[in-house]
$ cat coords20.txt   # compact mmCIF, C-alpha atoms
# COMPACT_ATOMS: atom_id res chain seq x y z
CA MET A 1 1.91 -3.72 -11.43
CA ASP A 2 5.68 -4.21 -11.42
CA ARG A 3 7.04 -2.98 -8.12
CA ALA A 4 10.45 -4.59 -8.34
CA GLY A 5 13.54 -2.47 -8.37
CA MET A 6 11.98 0.91 -7.70
CA SER A 7 14.21 3.08 -5.55
CA LEU A 8 14.49 6.71 -4.53
CA GLU A 9 17.15 8.63 -2.61
CA ILE A 10 16.26 11.91 -0.88
CA PRO A 11 18.78 14.15 0.93
CA VAL A 12 17.90 15.40 4.45
CA GLU A 13 19.56 18.45 5.98
CA GLY A 14 20.45 18.48 9.66
CA ASN A 15 18.84 21.26 11.71
CA ASN A 16 16.70 22.54 8.81
CA PHE A 17 13.27 22.58 10.43
CA SER A 18 11.45 24.36 7.64
CA ALA A 19 12.29 21.56 5.17
CA ALA A 20 11.78 18.76 7.70
CA GLY A 21 9.11 16.38 6.53
CA GLU A 22 9.70 16.90 2.82
CA ALA A 23 11.44 13.56 2.40
CA ALA A 24 8.63 11.67 4.16
CA SER A 25 6.12 13.58 2.07
CA ARG A 26 7.90 12.50 -1.15
CA VAL A 27 8.03 8.89 0.06
CA LYS A 28 4.31 9.00 0.77
CA LYS A 29 3.40 10.50 -2.62
CA THR A 30 5.65 8.03 -4.46
CA LEU A 31 4.04 5.02 -2.75
CA LEU A 32 0.52 6.31 -3.38
CA ARG A 33 1.39 6.81 -7.05
CA LEU A 34 2.54 3.17 -7.19
CA GLY A 35 -0.93 2.19 -6.07
CA ILE A 36 0.13 0.80 -2.69
CA ASP A 37 -2.61 0.33 -0.08
CA SER A 38 -3.27 3.59 1.77
CA GLN A 39 -3.12 2.04 5.26
CA LEU A 40 0.32 0.62 4.50
CA VAL A 41 1.42 3.95 3.03
CA ARG A 42 0.26 5.65 6.22
CA ARG A 43 2.47 3.38 8.37
CA VAL A 44 5.47 3.98 6.09
CA ALA A 45 4.83 7.75 6.09
CA ILE A 46 4.62 8.00 9.90
CA ALA A 47 7.79 5.92 10.45
CA THR A 48 9.69 7.82 7.75
CA TYR A 49 8.58 11.17 9.15
CA GLU A 50 9.74 10.20 12.65
CA ALA A 51 13.08 8.97 11.27
CA GLU A 52 13.50 12.15 9.21
CA MET A 53 12.75 14.34 12.26
CA ASN A 54 15.37 12.38 14.23
CA MET A 55 17.90 13.17 11.51
CA VAL A 56 16.97 16.87 11.48
CA ILE A 57 17.07 17.13 15.28
CA HIS A 58 20.06 14.98 16.13
CA SER A 59 22.37 14.64 13.11
CA ASP A 60 24.39 16.65 10.62
CA GLY A 61 22.17 15.38 7.83
CA GLY A 62 22.05 12.38 5.54
CA LYS A 63 19.59 10.69 3.26
CA ILE A 64 16.38 8.70 3.17
CA ILE A 65 16.43 5.77 0.76
CA LEU A 66 13.16 4.19 -0.36
CA GLN A 67 13.25 0.79 -2.01
CA VAL A 68 10.15 -0.96 -3.21
CA ASP A 69 10.46 -4.62 -4.12
CA GLU A 70 8.29 -7.72 -4.30
CA GLU A 71 8.73 -8.75 -0.64
CA GLU A 72 8.60 -5.47 1.19
CA ILE A 73 8.93 -1.71 1.19
CA LYS A 74 12.27 -0.74 2.69
CA VAL A 75 13.11 2.72 4.03
CA GLN A 76 16.62 3.49 5.23
CA ALA A 77 17.51 6.65 7.12
CA VAL A 78 21.27 7.10 6.95
CA ASP A 79 22.88 10.02 8.75
CA GLN A 80 26.24 11.41 9.74
CA GLY A 81 26.65 12.93 13.16
CA ARG A 82 26.88 12.18 16.80
CA GLY A 83 25.10 8.81 16.72
CA ILE A 84 23.17 7.16 19.56
CA SER A 85 25.23 6.33 22.65
CA ASP A 86 22.66 4.14 24.42
CA LEU A 87 20.30 2.47 21.99
CA GLU A 88 18.32 0.64 24.66
CA LEU A 89 17.56 3.94 26.38
CA ALA A 90 16.71 5.62 23.06
CA MET A 91 14.09 2.93 22.38
CA LYS A 92 12.38 3.62 25.70
CA GLU A 93 9.11 5.56 25.44
CA GLY A 94 9.50 9.05 26.86
CA TYR A 95 13.30 9.10 26.84
CA SER A 96 14.64 12.06 24.86
CA THR A 97 17.83 14.05 24.44
CA ALA A 98 16.15 16.73 22.30
CA PRO A 99 16.89 20.36 23.23
CA ASP A 100 14.17 22.66 24.60
CA GLU A 101 13.59 24.56 21.35
CA VAL A 102 12.77 21.27 19.62
CA ARG A 103 10.35 20.35 22.41
CA GLU A 104 8.63 23.69 22.03
CA MET A 105 7.87 22.70 18.44
CA GLY A 106 6.03 19.66 19.73
CA PHE A 107 8.82 17.17 19.03
CA GLY A 108 11.27 15.47 21.37
CA ALA A 109 8.65 13.66 23.44
CA GLY A 110 10.77 10.52 23.35
CA MET A 111 8.29 8.69 21.15
CA GLY A 112 10.12 8.75 17.80
CA LEU A 113 11.85 5.36 17.83
CA PRO A 114 9.00 3.64 19.74
CA ASN A 115 6.57 4.98 17.09
CA ILE A 116 8.82 3.67 14.31
CA LYS A 117 8.93 0.26 15.99
CA LYS A 118 5.13 0.25 16.17
CA CYS A 119 4.72 1.11 12.47
CA ALA A 120 7.43 -1.05 10.91
CA ASP A 121 7.39 -4.84 10.55
CA ARG A 122 11.17 -4.93 10.74
CA LEU A 123 13.55 -2.48 12.37
CA GLU A 124 17.34 -2.48 12.50
CA ILE A 125 19.37 0.33 14.02
CA LYS A 126 23.13 0.60 13.68
CA SER A 127 24.82 3.52 15.32
CA VAL A 128 28.42 4.55 15.88
CA VAL A 129 29.04 7.43 18.26
CA ASN A 130 30.49 10.48 16.48
CA GLU A 131 29.99 8.83 13.08
CA GLY A 132 26.30 8.40 12.51
CA THR A 133 23.23 6.22 12.55
CA THR A 134 21.52 3.95 10.04
CA VAL A 135 17.89 3.03 10.63
CA VAL A 136 16.48 0.31 8.38
CA MET A 137 12.70 -0.12 8.35
CA GLY A 138 10.89 -2.89 6.51
CA PHE A 139 7.16 -2.93 5.76
CA LYS A 140 5.37 -6.04 4.52
CA TYR A 141 2.51 -5.94 2.04
CA GLN A 142 0.56 -8.55 4.04
CA PRO A 143 0.96 -8.01 7.78
CA MET B 1 -21.34 17.03 12.23
CA ASN B 2 -19.35 18.99 9.68
CA LEU B 3 -16.55 21.50 10.18
CA LYS B 4 -18.98 24.39 9.84
CA ASP B 5 -20.86 23.10 12.92
CA VAL B 6 -17.53 22.79 14.75
CA GLN B 7 -16.74 26.38 13.85
CA ARG B 8 -20.08 27.56 15.28
CA LEU B 9 -19.71 25.58 18.50
CA LEU B 10 -16.22 26.92 19.11
CA GLN B 11 -17.03 30.45 17.92
CA ALA B 12 -13.96 30.00 15.80
CA GLU B 13 -12.32 32.27 13.28
CA VAL B 14 -11.62 30.63 9.91
CA LEU B 15 -7.96 31.14 8.98
CA THR B 16 -8.20 29.27 5.70
CA GLY B 17 -10.46 26.79 3.91
CA GLU B 18 -13.81 28.59 4.44
CA GLU B 19 -15.22 26.98 1.27
CA LEU B 20 -14.39 23.48 2.59
CA LEU B 21 -16.13 23.70 5.96
CA ASP B 22 -19.58 22.37 5.12
CA ARG B 23 -18.13 19.60 2.97
CA ILE B 24 -15.89 18.06 5.63
CA GLU B 25 -17.63 15.63 7.98
CA ILE B 26 -16.01 15.19 11.39
CA GLU B 27 -16.33 11.93 13.33
CA MET B 28 -13.22 11.89 15.49
CA VAL B 29 -11.25 14.49 17.38
CA CYS B 30 -7.82 14.46 19.01
CA GLY B 31 -6.39 17.11 21.33
CA SER B 32 -2.59 17.17 21.70
CA ASP B 33 0.46 19.40 21.84
CA LEU B 34 2.89 16.59 21.07
CA ILE B 35 3.50 15.67 17.43
CA SER B 36 4.60 12.10 18.14
CA ASP B 37 1.38 11.47 20.08
CA VAL B 38 -0.64 12.81 17.17
CA LEU B 39 1.27 10.49 14.82
CA ALA B 40 0.90 7.50 17.14
CA PHE B 41 -2.70 7.77 18.29
CA THR B 42 -4.62 9.59 15.58
CA LYS B 43 -6.58 7.92 12.84
CA GLU B 44 -7.27 9.26 9.36
CA LYS B 45 -9.91 11.92 8.93
CA THR B 46 -9.50 13.23 12.45
CA LEU B 47 -9.87 16.84 13.56
CA LEU B 48 -6.86 17.98 15.58
CA LEU B 49 -7.11 20.48 18.44
CA THR B 50 -3.70 21.89 19.32
CA GLY B 51 -1.69 24.80 20.64
CA LEU B 52 1.20 23.99 18.28
CA THR B 53 1.45 26.64 15.58
CA ASN B 54 4.72 25.86 13.76
CA PRO B 55 4.82 24.69 10.12
CA GLN B 56 5.53 21.11 11.20
CA ILE B 57 1.95 20.76 12.35
CA ILE B 58 0.77 21.19 8.74
CA ARG B 59 3.32 18.60 7.56
CA THR B 60 2.05 16.27 10.27
CA ALA B 61 -1.50 16.87 9.08
CA GLU B 62 -0.49 16.08 5.51
CA MET B 63 1.35 12.92 6.56
CA ILE B 64 -1.58 11.35 8.39
CA GLU B 65 -4.42 13.00 6.46
CA LEU B 66 -6.14 14.94 9.20
CA SER B 67 -9.47 16.60 8.37
CA GLY B 68 -8.51 19.96 9.79
CA ILE B 69 -6.86 21.78 12.68
CA VAL B 70 -8.35 24.00 15.37
CA PHE B 71 -5.75 26.16 17.10
CA VAL B 72 -6.75 26.69 20.73
CA ARG B 73 -6.11 29.38 23.35
CA GLY B 74 -6.42 32.06 20.65
CA LYS B 75 -2.91 31.18 19.48
CA LYS B 76 -2.71 32.27 15.86
CA PRO B 77 -0.10 30.66 13.60
CA GLY B 78 2.20 32.71 11.35
CA ASP B 79 1.31 33.60 7.76
CA ASP B 80 3.74 30.93 6.50
CA VAL B 81 1.70 28.24 8.26
CA ILE B 82 -1.60 29.57 6.89
CA LYS B 83 -0.11 29.74 3.39
CA LEU B 84 1.18 26.15 3.62
CA ALA B 85 -2.31 25.00 4.64
CA GLU B 86 -3.86 26.96 1.77
CA GLU B 87 -1.55 25.20 -0.70
CA HIS B 88 -2.74 21.83 0.61
CA HIS B 89 -6.43 22.91 0.66
CA PHE B 90 -6.42 22.22 4.34
CA PRO B 91 -8.81 24.05 6.70
CA LEU B 92 -7.54 25.92 9.77
CA LEU B 93 -9.72 27.33 12.56
CA LEU B 94 -8.81 29.47 15.57
CA THR B 95 -10.74 29.42 18.85
CA LYS B 96 -10.23 31.41 22.03
CA PHE B 97 -11.13 28.42 24.22
CA PRO B 98 -8.28 26.54 25.94
CA LEU B 99 -7.62 22.93 24.95
CA TYR B 100 -9.60 21.29 27.76
CA GLU B 101 -12.69 23.42 27.16
CA THR B 102 -12.47 22.97 23.40
CA CYS B 103 -12.37 19.19 23.91
CA GLY B 104 -15.30 19.39 26.33
CA ILE B 105 -17.50 21.41 23.99
CA LEU B 106 -16.97 19.02 21.07
CA TYR B 107 -17.25 15.88 23.20
CA SER B 108 -20.55 17.10 24.69
CA ALA B 109 -21.78 17.70 21.17
CA GLY B 110 -21.24 14.03 20.38
CA LEU B 111 -17.82 13.87 18.74
CA LYS B 112 -15.77 10.88 19.87
CA GLY B 113 -12.08 10.34 20.50
CA CYS B 114 -9.80 8.12 18.41
CA SER B 115 -9.70 5.23 20.89
CA GLU B 116 -13.49 4.98 21.01
CA LEU B 117 -13.66 4.52 17.27
CA ASP B 118 -11.04 1.75 17.16
CA THR B 119 -13.58 -0.71 15.92
CA VAL B 120 -14.84 1.43 13.06
CA GLY B 121 -13.69 -0.09 9.79
CA ARG B 122 -11.40 2.35 8.06
CA GLY B 123 -10.19 0.14 5.22

$ encode --input "coords20.txt" --output "structure tokens"
Amino acid sequence: MDRAGMSLEIPVEGNNFSAAGEAASRVKKTLLRLGIDSQLVRRVAIATYEAEMNMVIHSDGGKIILQVDEEEIKVQAVDQGRGISDLELAMKEGYSTAPDEVREMGFGAGMGLPNIKKCADRLEIKSVVNEGTTVVMGFKYQP
Amino acid sequence: MNLKDVQRLLQAEVLTGEELLDRIEIEMVCGSDLISDVLAFTKEKTLLLTGLTNPQIIRTAEMIELSGIVFVRGKKPGDDVIKLAEEHHFPLLLTKFPLYETCGILYSAGLKGCSELDTVGRG
């Protein structure tokens, strides 16, 4: 199977809760179609879903970019919006700035970024306040 | 134990997926009202007990391949949620028992939690 060079870009709308999860769902289906191991797909799907929910909850929208190459599966979540002012705090389990209506939906427990860290083999977060955030997640074929 | 047995034990109403109930074997159960916890601690083929009734719970189920959802406390989801589950051929049950009692009934009947089945090979 030739995995090299496959890439997919999916737009994500900020604050659109009914569509939230569609990008992660497309990423999951695409990877399964490529014949990638289901346990690895599961890790990618969970991390992508958390990243997508972060974009829906906290940003003005952006895109999820999936790249599949020989070394790893790379998912980038790139958004425009208010950014993350204290990244160290945002990485802490249980810390959340999500509004009450988001919490009522079962999100905003402060576990999004920690969950992503747990699922991904590589995680880079770049954020500029009032500009946006880029989350880069790498997943290896052999852990 | 299959989902039909779960339905009987919980005296649950079937919201969708009636035809699937006796075909779906349940080994593990998770009770939670936090989506991130479900994503972090649940394994594949798990039955979820929850009070969350928004459409995101179905997306969550799809993402991590849950076996089914039992809504607790008699909290019935909207028609949009039931329809979304129908499209994914995903069974939904509704019980009047609160979360703690629902967990207790299933645990006493022999169903384990996700942490207890950590050692089970799941590929």

$ residues_around --input "coords20.txt" --residues "Gly51 in chain B" --least-positions-apart "5" --cutoff "7 Å" --atoms "all atoms listed in the file" --output "JSON list (two decimals) with C-alpha atoms, in the coordinates of the input"
[["chain", "number", "residue", "atom", "x", "y", "z"],
["B", 33, "ASP", "CA", 0.46, 19.40, 21.84],
["B", 71, "PHE", "CA", -5.75, 26.16, 17.10],
["B", 72, "VAL", "CA", -6.75, 26.69, 20.73],
["B", 73, "ARG", "CA", -6.11, 29.38, 23.35],
["B", 75, "LYS", "CA", -2.91, 31.18, 19.48]]

$ closest_residue --input "coords20.txt" --among "A:Ala90, A:Ala45, A:Leu113, A:Met53" --to "chain B" --atoms "only C-alpha atoms"
A:Ala45

$ residues_around --input "coords20.txt" --residues "Ala19 in chain A" --least-positions-apart "3" --cutoff "12 Å" --atoms "all atoms listed in the file" --output "list of chain:residue names"
A:Pro11, A:Val12, A:Glu13, A:Gly14, A:Asn15, A:Asn16, A:Glu22, A:Ala23, A:Ala24, A:Ser25, A:Arg26, A:Tyr49, A:Glu52, A:Met53, A:Met55, A:Val56, A:Gly61, B:Pro55, B:Gln56, B:Arg59

$ closest_atom_pairs --input "coords20.txt" --of "chain A" --to "chain B" --cutoff "8 Å" --atoms "only C-alpha atoms" --output "tab-separated table"
residue	atom	partner	partner_atom	distance
A:Phe17	CA	B:Gln56	CA	7.9
A:Ser18	CA	B:Pro55	CA	7.1
A:Ala20	CA	B:Gln56	CA	7.5
A:Gly21	CA	B:Arg59	CA	6.3
A:Ala24	CA	B:Met63	CA	7.8
A:Ser25	CA	B:Met63	CA	6.6
A:Lys28	CA	B:Met63	CA	7.6
A:Gln39	CA	B:Gly123	CA	7.3
A:Arg42	CA	B:Ile64	CA	6.4
A:Ala45	CA	B:Met63	CA	6.2
A:Ile46	CA	B:Leu39	CA	6.5
A:Tyr49	CA	B:Met63	CA	7.9
A:Glu50	CA	B:Ser36	CA	7.8
A:Met105	CA	B:Asn54	CA	6.5
A:Gly106	CA	B:Leu34	CA	4.6
A:Phe107	CA	B:Ile35	CA	5.8
A:Ala109	CA	B:Ser36	CA	6.9
A:Met111	CA	B:Ser36	CA	5.9
A:Gly112	CA	B:Ser36	CA	6.5
A:Asn115	CA	B:Ala40	CA	6.2

$ closest_residue --input "coords20.txt" --among "B:Glu116, B:Ala85, B:Lys45, B:Gly68" --to "Val6 in chain B" --atoms "all atoms listed in the file"
B:Gly68

$ atom_distance --input "coords20.txt" --atom1 "CA of Lys29 in chain A" --atom2 "CA of Leu93 in chain B"
26.2 Å

$ residues_near_point --input "coords20.txt" --point "(9.9, 7.1, 23.6)" --cutoff "6 Å" --atoms "all atoms listed in the file" --output "ChimeraX atom specification"
/A:92-95,110-111,114

$ residues_around --input "coords20.txt" --residues "Lys63 in chain A" --least-positions-apart "4" --cutoff "7 Å" --atoms "only C-alpha atoms" --output "PyMOL selection string"
chain A and resi 9-12+77-79
